[in-house]
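With mmCIF, all heavy atoms inside, this is protein19.cif:
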```cif
data_model
loop_
_atom_site.label_atom_id
_atom_site.label_comp_id
_atom_site.auth_asym_id
_atom_site.auth_seq_id
_atom_site.Cartn_x
_atom_site.Cartn_y
_atom_site.Cartn_z
N LEU T 1 33.38 140.66 193.07
CA LEU T 1 34.10 141.92 193.01
C LEU T 1 33.26 143.02 192.39
O LEU T 1 33.34 144.17 192.81
CB LEU T 1 35.40 141.75 192.21
CG LEU T 1 36.51 140.94 192.88
CD1 LEU T 1 37.66 140.71 191.91
CD2 LEU T 1 37.01 141.63 194.10
N VAL T 2 32.48 142.65 191.38
CA VAL T 2 31.63 143.64 190.73
C VAL T 2 30.61 144.19 191.72
O VAL T 2 30.32 145.38 191.73
CB VAL T 2 30.93 143.03 189.49
CG1 VAL T 2 29.95 144.02 188.87
CG2 VAL T 2 31.96 142.62 188.45
N ALA T 3 30.10 143.31 192.58
CA ALA T 3 29.13 143.73 193.60
C ALA T 3 29.75 144.70 194.60
O ALA T 3 29.06 145.50 195.21
CB ALA T 3 28.57 142.52 194.33
N LYS T 4 31.08 144.62 194.75
CA LYS T 4 31.78 145.53 195.67
C LYS T 4 32.18 146.83 194.99
O LYS T 4 32.89 147.63 195.59
CB LYS T 4 33.03 144.84 196.22
CG LYS T 4 32.73 143.67 197.13
CD LYS T 4 34.01 143.06 197.66
CE LYS T 4 33.72 141.88 198.56
NZ LYS T 4 34.95 141.26 199.05
N GLY T 5 31.77 147.01 193.73
CA GLY T 5 32.04 148.27 193.06
C GLY T 5 33.24 148.27 192.13
O GLY T 5 33.61 149.30 191.59
N LYS T 6 33.87 147.11 191.96
CA LYS T 6 35.03 147.03 191.06
C LYS T 6 34.53 146.88 189.62
O LYS T 6 33.41 146.48 189.38
CB LYS T 6 35.92 145.83 191.43
CG LYS T 6 36.42 145.85 192.85
CD LYS T 6 37.38 146.97 193.10
CE LYS T 6 37.90 146.93 194.53
NZ LYS T 6 38.76 148.03 194.84
N SER T 7 35.42 147.15 188.67
CA SER T 7 35.02 147.05 187.27
C SER T 7 34.93 145.58 186.84
O SER T 7 35.55 144.71 187.44
CB SER T 7 36.03 147.78 186.38
OG SER T 7 37.25 147.09 186.35
N LYS T 8 34.14 145.34 185.79
CA LYS T 8 33.99 143.97 185.30
C LYS T 8 35.31 143.44 184.76
O LYS T 8 35.62 142.27 184.91
CB LYS T 8 32.93 143.93 184.19
CG LYS T 8 31.53 144.09 184.72
CD LYS T 8 30.51 143.96 183.60
CE LYS T 8 29.11 144.14 184.15
NZ LYS T 8 28.09 143.99 183.12
N LYS T 9 36.10 144.31 184.17
CA LYS T 9 37.39 143.89 183.62
C LYS T 9 38.32 143.42 184.74
O LYS T 9 39.01 142.40 184.60
CB LYS T 9 38.02 145.06 182.86
CG LYS T 9 39.18 144.66 181.98
CD LYS T 9 39.58 145.82 181.11
CE LYS T 9 40.47 145.36 179.98
NZ LYS T 9 40.79 146.44 179.06
N LEU T 10 38.34 144.13 185.85
CA LEU T 10 39.17 143.74 186.98
C LEU T 10 38.72 142.40 187.54
O LEU T 10 39.56 141.54 187.85
CB LEU T 10 39.09 144.81 188.08
CG LEU T 10 40.06 144.57 189.22
CD1 LEU T 10 41.30 145.42 189.01
CD2 LEU T 10 39.41 144.89 190.52
N ALA T 11 37.43 142.18 187.63
CA ALA T 11 36.89 140.91 188.13
C ALA T 11 37.26 139.77 187.18
O ALA T 11 37.63 138.68 187.63
CB ALA T 11 35.38 141.00 188.29
N LEU T 12 37.19 140.00 185.89
CA LEU T 12 37.54 138.99 184.90
C LEU T 12 39.02 138.62 185.00
O LEU T 12 39.39 137.45 184.95
CB LEU T 12 37.21 139.50 183.49
CG LEU T 12 37.37 138.51 182.36
CD1 LEU T 12 36.39 137.37 182.52
CD2 LEU T 12 37.16 139.20 181.03
N ILE T 13 39.87 139.61 185.18
CA ILE T 13 41.31 139.37 185.32
C ILE T 13 41.58 138.58 186.60
O ILE T 13 42.43 137.68 186.61
CB ILE T 13 42.09 140.70 185.31
CG1 ILE T 13 42.02 141.31 183.91
CG2 ILE T 13 43.52 140.50 185.74
CD1 ILE T 13 42.54 142.72 183.81
N ALA T 14 40.85 138.86 187.66
CA ALA T 14 41.03 138.13 188.91
C ALA T 14 40.68 136.65 188.74
O ALA T 14 41.39 135.77 189.23
CB ALA T 14 40.17 138.76 190.01
N VAL T 15 39.60 136.37 188.03
CA VAL T 15 39.19 134.98 187.78
C VAL T 15 40.23 134.28 186.90
O VAL T 15 40.63 133.15 187.18
CB VAL T 15 37.79 134.92 187.12
CG1 VAL T 15 37.47 133.51 186.66
CG2 VAL T 15 36.74 135.42 188.09
N ALA T 16 40.68 134.96 185.86
CA ALA T 16 41.69 134.38 184.96
C ALA T 16 42.98 134.08 185.72
O ALA T 16 43.59 133.03 185.52
CB ALA T 16 41.95 135.33 183.80
N ASN T 17 43.37 134.98 186.59
CA ASN T 17 44.58 134.79 187.39
C ASN T 17 44.45 133.58 188.31
O ASN T 17 45.38 132.78 188.43
CB ASN T 17 44.86 136.06 188.19
CG ASN T 17 46.22 136.06 188.84
OD1 ASN T 17 47.14 135.43 188.35
ND2 ASN T 17 46.34 136.78 189.93
N LYS T 18 43.29 133.43 188.91
CA LYS T 18 43.06 132.30 189.81
C LYS T 18 43.13 130.98 189.05
O LYS T 18 43.75 130.02 189.51
CB LYS T 18 41.69 132.46 190.48
CG LYS T 18 41.43 131.48 191.58
CD LYS T 18 40.16 131.84 192.31
CE LYS T 18 39.96 130.93 193.52
NZ LYS T 18 38.79 131.32 194.30
N LEU T 19 42.49 130.92 187.88
CA LEU T 19 42.53 129.71 187.07
C LEU T 19 43.94 129.39 186.61
O LEU T 19 44.36 128.23 186.58
CB LEU T 19 41.60 129.85 185.86
CG LEU T 19 40.10 129.82 186.17
CD1 LEU T 19 39.31 130.15 184.92
CD2 LEU T 19 39.69 128.47 186.72
N LEU T 20 44.69 130.42 186.23
CA LEU T 20 46.05 130.23 185.77
C LEU T 20 46.94 129.67 186.89
O LEU T 20 47.74 128.76 186.67
CB LEU T 20 46.61 131.57 185.28
CG LEU T 20 47.76 131.54 184.31
CD1 LEU T 20 47.37 130.80 183.05
CD2 LEU T 20 48.19 132.95 183.97
N LYS T 21 46.76 130.19 188.09
CA LYS T 21 47.54 129.70 189.23
C LYS T 21 47.23 128.23 189.50
O LYS T 21 48.12 127.44 189.79
CB LYS T 21 47.23 130.53 190.48
CG LYS T 21 47.89 131.88 190.50
CD LYS T 21 47.56 132.61 191.78
CE LYS T 21 48.22 133.97 191.81
NZ LYS T 21 47.93 134.69 193.06
N GLN T 22 45.95 127.85 189.40
CA GLN T 22 45.57 126.46 189.62
C GLN T 22 46.16 125.56 188.54
O GLN T 22 46.65 124.46 188.83
CB GLN T 22 44.05 126.32 189.65
CG GLN T 22 43.43 126.91 190.88
CD GLN T 22 41.92 126.84 190.87
OE1 GLN T 22 41.31 126.51 189.88
NE2 GLN T 22 41.31 127.17 192.00
N ALA T 23 46.12 126.02 187.29
CA ALA T 23 46.67 125.23 186.18
C ALA T 23 48.17 125.02 186.36
O ALA T 23 48.67 123.91 186.16
CB ALA T 23 46.37 125.92 184.85
N PHE T 24 48.88 126.06 186.73
CA PHE T 24 50.32 125.93 186.94
C PHE T 24 50.63 125.03 188.13
O PHE T 24 51.59 124.26 188.10
CB PHE T 24 50.99 127.30 187.12
CG PHE T 24 51.39 127.94 185.83
CD1 PHE T 24 50.74 129.07 185.38
CD2 PHE T 24 52.41 127.41 185.06
CE1 PHE T 24 51.10 129.66 184.18
CE2 PHE T 24 52.78 127.99 183.86
CZ PHE T 24 52.12 129.12 183.42
N ALA T 25 49.82 125.09 189.17
CA ALA T 25 50.04 124.23 190.33
C ALA T 25 49.85 122.76 189.95
O ALA T 25 50.62 121.89 190.38
CB ALA T 25 49.08 124.61 191.46
N ILE T 26 48.86 122.47 189.13
CA ILE T 26 48.63 121.09 188.66
C ILE T 26 49.79 120.63 187.79
O ILE T 26 50.31 119.53 187.95
CB ILE T 26 47.29 120.98 187.90
CG1 ILE T 26 46.13 121.16 188.87
CG2 ILE T 26 47.18 119.64 187.19
CD1 ILE T 26 44.79 121.35 188.20
N ALA T 27 50.23 121.49 186.88
CA ALA T 27 51.34 121.14 185.99
C ALA T 27 52.64 120.95 186.77
O ALA T 27 53.41 120.04 186.49
CB ALA T 27 51.51 122.22 184.93
N LYS T 28 52.85 121.78 187.77
CA LYS T 28 54.08 121.73 188.56
C LYS T 28 54.14 120.48 189.44
O LYS T 28 55.20 119.91 189.66
CB LYS T 28 54.16 122.99 189.42
CG LYS T 28 55.50 123.24 190.03
CD LYS T 28 55.50 124.60 190.72
CE LYS T 28 56.80 124.84 191.45
NZ LYS T 28 56.78 126.09 192.19
N SER T 29 52.99 120.05 189.95
CA SER T 29 52.96 118.89 190.85
C SER T 29 53.18 117.59 190.09
O SER T 29 53.51 116.58 190.71
CB SER T 29 51.65 118.84 191.62
OG SER T 29 50.58 118.48 190.75
N ALA T 30 52.96 117.58 188.79
CA ALA T 30 53.15 116.41 187.92
C ALA T 30 52.30 115.22 188.36
O ALA T 30 52.70 114.07 188.21
CB ALA T 30 54.63 116.03 187.86
N ARG T 31 51.16 115.49 188.93
CA ARG T 31 50.23 114.43 189.31
C ARG T 31 49.08 114.39 188.31
O ARG T 31 48.65 115.44 187.82
CB ARG T 31 49.62 114.69 190.69
CG ARG T 31 50.57 114.53 191.82
CD ARG T 31 49.81 114.69 193.11
NE ARG T 31 50.67 114.51 194.26
CZ ARG T 31 50.30 114.80 195.48
NH1 ARG T 31 49.13 115.31 195.72
NH2 ARG T 31 51.12 114.60 196.48
N PRO T 32 48.54 113.22 188.04
CA PRO T 32 47.36 113.17 187.18
C PRO T 32 46.16 113.80 187.88
O PRO T 32 46.07 113.77 189.12
CB PRO T 32 47.14 111.68 186.95
CG PRO T 32 47.85 111.00 188.06
CD PRO T 32 48.98 111.90 188.48
N TYR T 33 45.24 114.34 187.11
CA TYR T 33 44.06 114.99 187.67
C TYR T 33 43.17 113.95 188.34
O TYR T 33 42.92 112.88 187.80
CB TYR T 33 43.29 115.71 186.56
CG TYR T 33 42.00 116.33 187.05
CD1 TYR T 33 42.00 117.47 187.82
CD2 TYR T 33 40.78 115.75 186.74
CE1 TYR T 33 40.83 118.04 188.27
CE2 TYR T 33 39.59 116.31 187.18
CZ TYR T 33 39.62 117.44 187.94
OH TYR T 33 38.46 117.99 188.39
N ASP T 34 42.69 114.26 189.53
CA ASP T 34 41.77 113.39 190.25
C ASP T 34 40.59 114.23 190.72
O ASP T 34 40.74 115.07 191.60
CB ASP T 34 42.48 112.75 191.44
CG ASP T 34 41.57 111.84 192.26
OD1 ASP T 34 40.47 111.51 191.78
OD2 ASP T 34 41.97 111.46 193.37
N GLU T 35 39.42 114.02 190.11
CA GLU T 35 38.26 114.85 190.45
C GLU T 35 37.74 114.59 191.84
O GLU T 35 37.01 115.38 192.41
CB GLU T 35 37.14 114.68 189.42
CG GLU T 35 36.50 113.32 189.40
CD GLU T 35 35.41 113.21 188.38
OE1 GLU T 35 35.65 113.56 187.21
OE2 GLU T 35 34.30 112.80 188.76
N ASN T 36 38.12 113.47 192.45
CA ASN T 36 37.69 113.14 193.81
C ASN T 36 38.71 113.54 194.88
O ASN T 36 38.56 113.19 196.04
CB ASN T 36 37.40 111.63 193.92
CG ASN T 36 36.26 111.22 193.01
OD1 ASN T 36 35.27 111.93 192.88
ND2 ASN T 36 36.42 110.10 192.34
N TYR T 37 39.74 114.27 194.46
CA TYR T 37 40.79 114.70 195.38
C TYR T 37 40.24 115.66 196.42
O TYR T 37 39.49 116.57 196.11
CB TYR T 37 41.92 115.38 194.60
CG TYR T 37 43.04 115.89 195.48
CD1 TYR T 37 43.98 115.03 196.00
CD2 TYR T 37 43.13 117.24 195.81
CE1 TYR T 37 45.00 115.47 196.82
CE2 TYR T 37 44.14 117.71 196.62
CZ TYR T 37 45.07 116.82 197.12
OH TYR T 37 46.07 117.29 197.92
N ILE T 38 40.60 115.43 197.67
CA ILE T 38 40.19 116.32 198.76
C ILE T 38 41.46 116.91 199.37
O ILE T 38 42.34 116.18 199.82
CB ILE T 38 39.39 115.57 199.84
CG1 ILE T 38 38.11 114.98 199.22
CG2 ILE T 38 39.06 116.49 201.00
CD1 ILE T 38 37.35 114.05 200.13
N SER T 39 41.54 118.24 199.35
CA SER T 39 42.72 118.91 199.88
C SER T 39 42.85 118.69 201.37
O SER T 39 41.87 118.68 202.11
CB SER T 39 42.62 120.41 199.59
OG SER T 39 43.69 121.08 200.19
N LYS T 40 44.08 118.53 201.83
CA LYS T 40 44.33 118.38 203.25
C LYS T 40 44.30 119.71 203.98
O LYS T 40 44.30 119.77 205.18
CB LYS T 40 45.69 117.70 203.44
CG LYS T 40 45.72 116.29 202.92
CD LYS T 40 47.09 115.66 203.05
CE LYS T 40 47.05 114.25 202.50
NZ LYS T 40 48.07 113.95 201.54
N LEU T 41 44.30 120.81 203.20
CA LEU T 41 44.30 122.14 203.80
C LEU T 41 42.93 122.55 204.30
O LEU T 41 42.81 123.35 205.21
CB LEU T 41 44.79 123.18 202.76
CG LEU T 41 46.22 122.98 202.25
CD1 LEU T 41 46.51 123.99 201.16
CD2 LEU T 41 47.20 123.13 203.40
N SER T 42 41.87 122.01 203.68
CA SER T 42 40.52 122.47 204.06
C SER T 42 39.90 121.59 205.11
O SER T 42 40.36 120.63 205.57
CB SER T 42 39.61 122.50 202.86
OG SER T 42 39.56 121.24 202.23
#
```
Go ahead and render the structure in this file as structure tokens.
Amino acid sequence: LVAKGKSKKLALIAVANKLLKQAFAIAKSARPYDENYISKLS
């Protein structure tokens, strides 16, 4: 985002938001973490 001319603060918030969404998705699914998990979407 910074390379596209956005501010560093905006880019940092975007990264934090993405991590937060992933954390909530893991917590909501109630599954244990599996580092070898392969998404069926990709």
For this session: Kindly indicate which residue among T:Leu19, T:Arg31, T:Ala14, T:Ile26 lies nearest to Leu1 of chain T, using only C-alpha atoms for the distances.
Result: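 Comparing T:Leu19, T:Arg31, T:Ala14, T:Ile26 against Leu1 of chain T, the winner is T:Ala14.
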For this session: Find the spatial neighbours of Ala11 of chain T, counting only C-alpha atoms, within a cut-off of 10 Å - ignore same-chain residues fewer than 5 positions away - and output them as number ranges by chain.
Result: T: 1-3, 6, 16-17
For this session: Could you give me, as a ChimeraX atom specification, each residue of chain T that DSSP assigns to helix (DSSP H, G or I) when run on this structure's backbone?
Result: /T:2-4,8-29
Exercise. What is the atom CD of Lys4 of chain T-atom NZ of Lys18 of chain T distance in Å, reported with one decimal?
Worked result: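 Value for the atom CD of Lys4 of chain T-atom NZ of Lys18 of chain T distance: 13.1 Å.
Reported to one decimal place, the separation of atom CG of Gln22 of chain T from atom CA of Asp34 of chain T is 13.6 Å.
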Exercise. Rounded to one decimal in Å, what is the spacing between atom CA of Glu35 of chain T and atom CA of Ala23 of chain T?
Worked result: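 These two atoms are separated by 14.0 Å.
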